[in-house]
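Trainee: Got a structure for you, questions after.
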Amino acid sequence: MSAEWMGWLADAAHWLEGQGLDAYTLLTVVLMGFLTMVARSFFFMSDAEWTLPRWAQRGLNYAPIAALTAVVVPEVVMTNGRFIQTLEDARLVAMVAGALYFFWREGKSQAVLGTIVAGMAVYLPLHIGLGW
């Protein structure tokens with residue numbers, strides 16, 4: 001390597017250390033990005049046409065709700081990384097109100113928007129008004 005490149009690498013390493021990163025962290029992030037790109041483009045690399053098995057296609061129908069559940073449920077049932085200890089929590093009551101609205105509408109038109117509105121209509125007065 002030329003002296004110019006070595007100087008640039010030394011400057012980059014110094015900047016990374018100033019940002020609280022080291023070369024190994026940067027290398028890890030770059031390699032993870034590369035592996036993600038390869039994994040996502042793997043299907044385009046083959047010239048042969050292929051389809052997912054029927055069981056995999058059925059399973060993918062549940063992926064959005066599974067991802068949403070994985071994000072929402074911990075926020076509802078936990079506070080500061082610990083399970084809530086009381087039922088006097090506005091999030092639980094709002095969750096029940098939203099679920100009741102959704103099942104009352106039987107998942108029909110505008111059920112998701114109505115679920116959010118019903119949940120927030122219960123949550124905000126309890127949280128702001130009563131301090132739950």
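As shown in the structure tokens, the chain order sets the letters A, B, ...; within each chain, residues go from 1, and ligands are also counted from 1 in the order they appear.
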According to DSSP computed on the backbone, where in segment 63-95 of chain A is there strand (DSSP E)? Give the residues as number ranges by chain.
Mentor: A: 78-79, 82-83
Trainee: Among segment 4-59 of chain A, which ones does DSSP place in alpha helix (DSSP H), written as a VMD selection string?
Mentor: chain A and resid 4 to 18 23 to 45 54 to 59
Trainee: So that I can check the surroundings of Leu92 of chain A, please list as a PyMOL selection string every protein, DNA and RNA residue that reaches within 9 Å of it, counting only C-alpha atoms and ignoring chain neighbours fewer than 4 positions away.
Mentor: chain A and resi 76-77+87-88+96-97+123
Trainee: Create the file for the chosen residues now, containing C-alpha atoms and written as an mmCIF file, in the first residue's frame.
Mentor:
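Ended up saving to selection_29.cif:
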data_model
loop_
_atom_site.group_PDB
_atom_site.id
_atom_site.type_symbol
_atom_site.label_atom_id
_atom_site.label_comp_id
_atom_site.auth_asym_id
_atom_site.auth_seq_id
_atom_site.Cartn_x
_atom_site.Cartn_y
_atom_site.Cartn_z
ATOM 1 C CA VAL A 76 -48.069 -3.502 26.460
ATOM 2 C CA VAL A 77 -47.096 -6.025 29.124
ATOM 3 C CA LEU A 87 -53.918 -4.575 36.291
ATOM 4 C CA GLU A 88 -54.319 -0.853 36.893
ATOM 5 C CA VAL A 96 -58.922 -4.896 25.723
ATOM 6 C CA ALA A 97 -61.030 -2.015 24.363
ATOM 7 C CA TYR A 123 -55.825 4.943 26.892
#
Trainee: Excluding segment 2-12 of chain A and its own-chain neighbours fewer than 6 positions away, which residues fall within 12 Å of it when counting only C-alpha atoms? Please give them as a list of chain:residue names.
Mentor: A:Gly18, A:Gln19, A:Leu21, A:Asp22, A:Ala23, A:Leu26
Trainee: Write the residues of the selection above to a file with N, CA and C atoms, as a PDB file, in the first residue's frame.
Mentor:
ATOM      1  N   GLY A  18     -12.715   8.185  17.753  1.00  0.00           N
ATOM      2  CA  GLY A  18     -13.349   9.396  18.278  1.00  0.00           C
ATOM      3  C   GLY A  18     -14.862   9.271  18.333  1.00  0.00           C
ATOM      4  N   GLN A  19     -15.429   8.439  17.462  1.00  0.00           N
ATOM      5  CA  GLN A  19     -16.873   8.212  17.441  1.00  0.00           C
ATOM      6  C   GLN A  19     -17.291   7.091  18.378  1.00  0.00           C
ATOM      7  N   LEU A  21     -16.195   3.955  18.063  1.00  0.00           N
ATOM      8  CA  LEU A  21     -16.180   2.709  17.295  1.00  0.00           C
ATOM      9  C   LEU A  21     -14.741   2.250  17.124  1.00  0.00           C
ATOM     10  N   ASP A  22     -14.577   0.980  16.886  1.00  0.00           N
ATOM     11  CA  ASP A  22     -13.258   0.494  16.528  1.00  0.00           C
ATOM     12  C   ASP A  22     -13.344  -0.184  15.168  1.00  0.00           C
ATOM     13  N   ALA A  23     -12.225  -0.563  14.643  1.00  0.00           N
ATOM     14  CA  ALA A  23     -12.189  -1.150  13.305  1.00  0.00           C
ATOM     15  C   ALA A  23     -12.973  -2.456  13.248  1.00  0.00           C
ATOM     16  N   LEU A  26     -16.684  -1.687  12.853  1.00  0.00           N
ATOM     17  CA  LEU A  26     -16.958  -1.261  11.483  1.00  0.00           C
ATOM     18  C   LEU A  26     -16.917  -2.455  10.532  1.00  0.00           C
TER      19      LEU A  26
END
Trainee: Which residues are near Val122 of chain A? Cut-off 8 Å, only C-alpha atoms, ignore same chain within fewer than 3 positions. Put them as JSON, numbers by chain.
Mentor: {"A": [90, 93, 94, 97, 118, 119, 125, 126]}
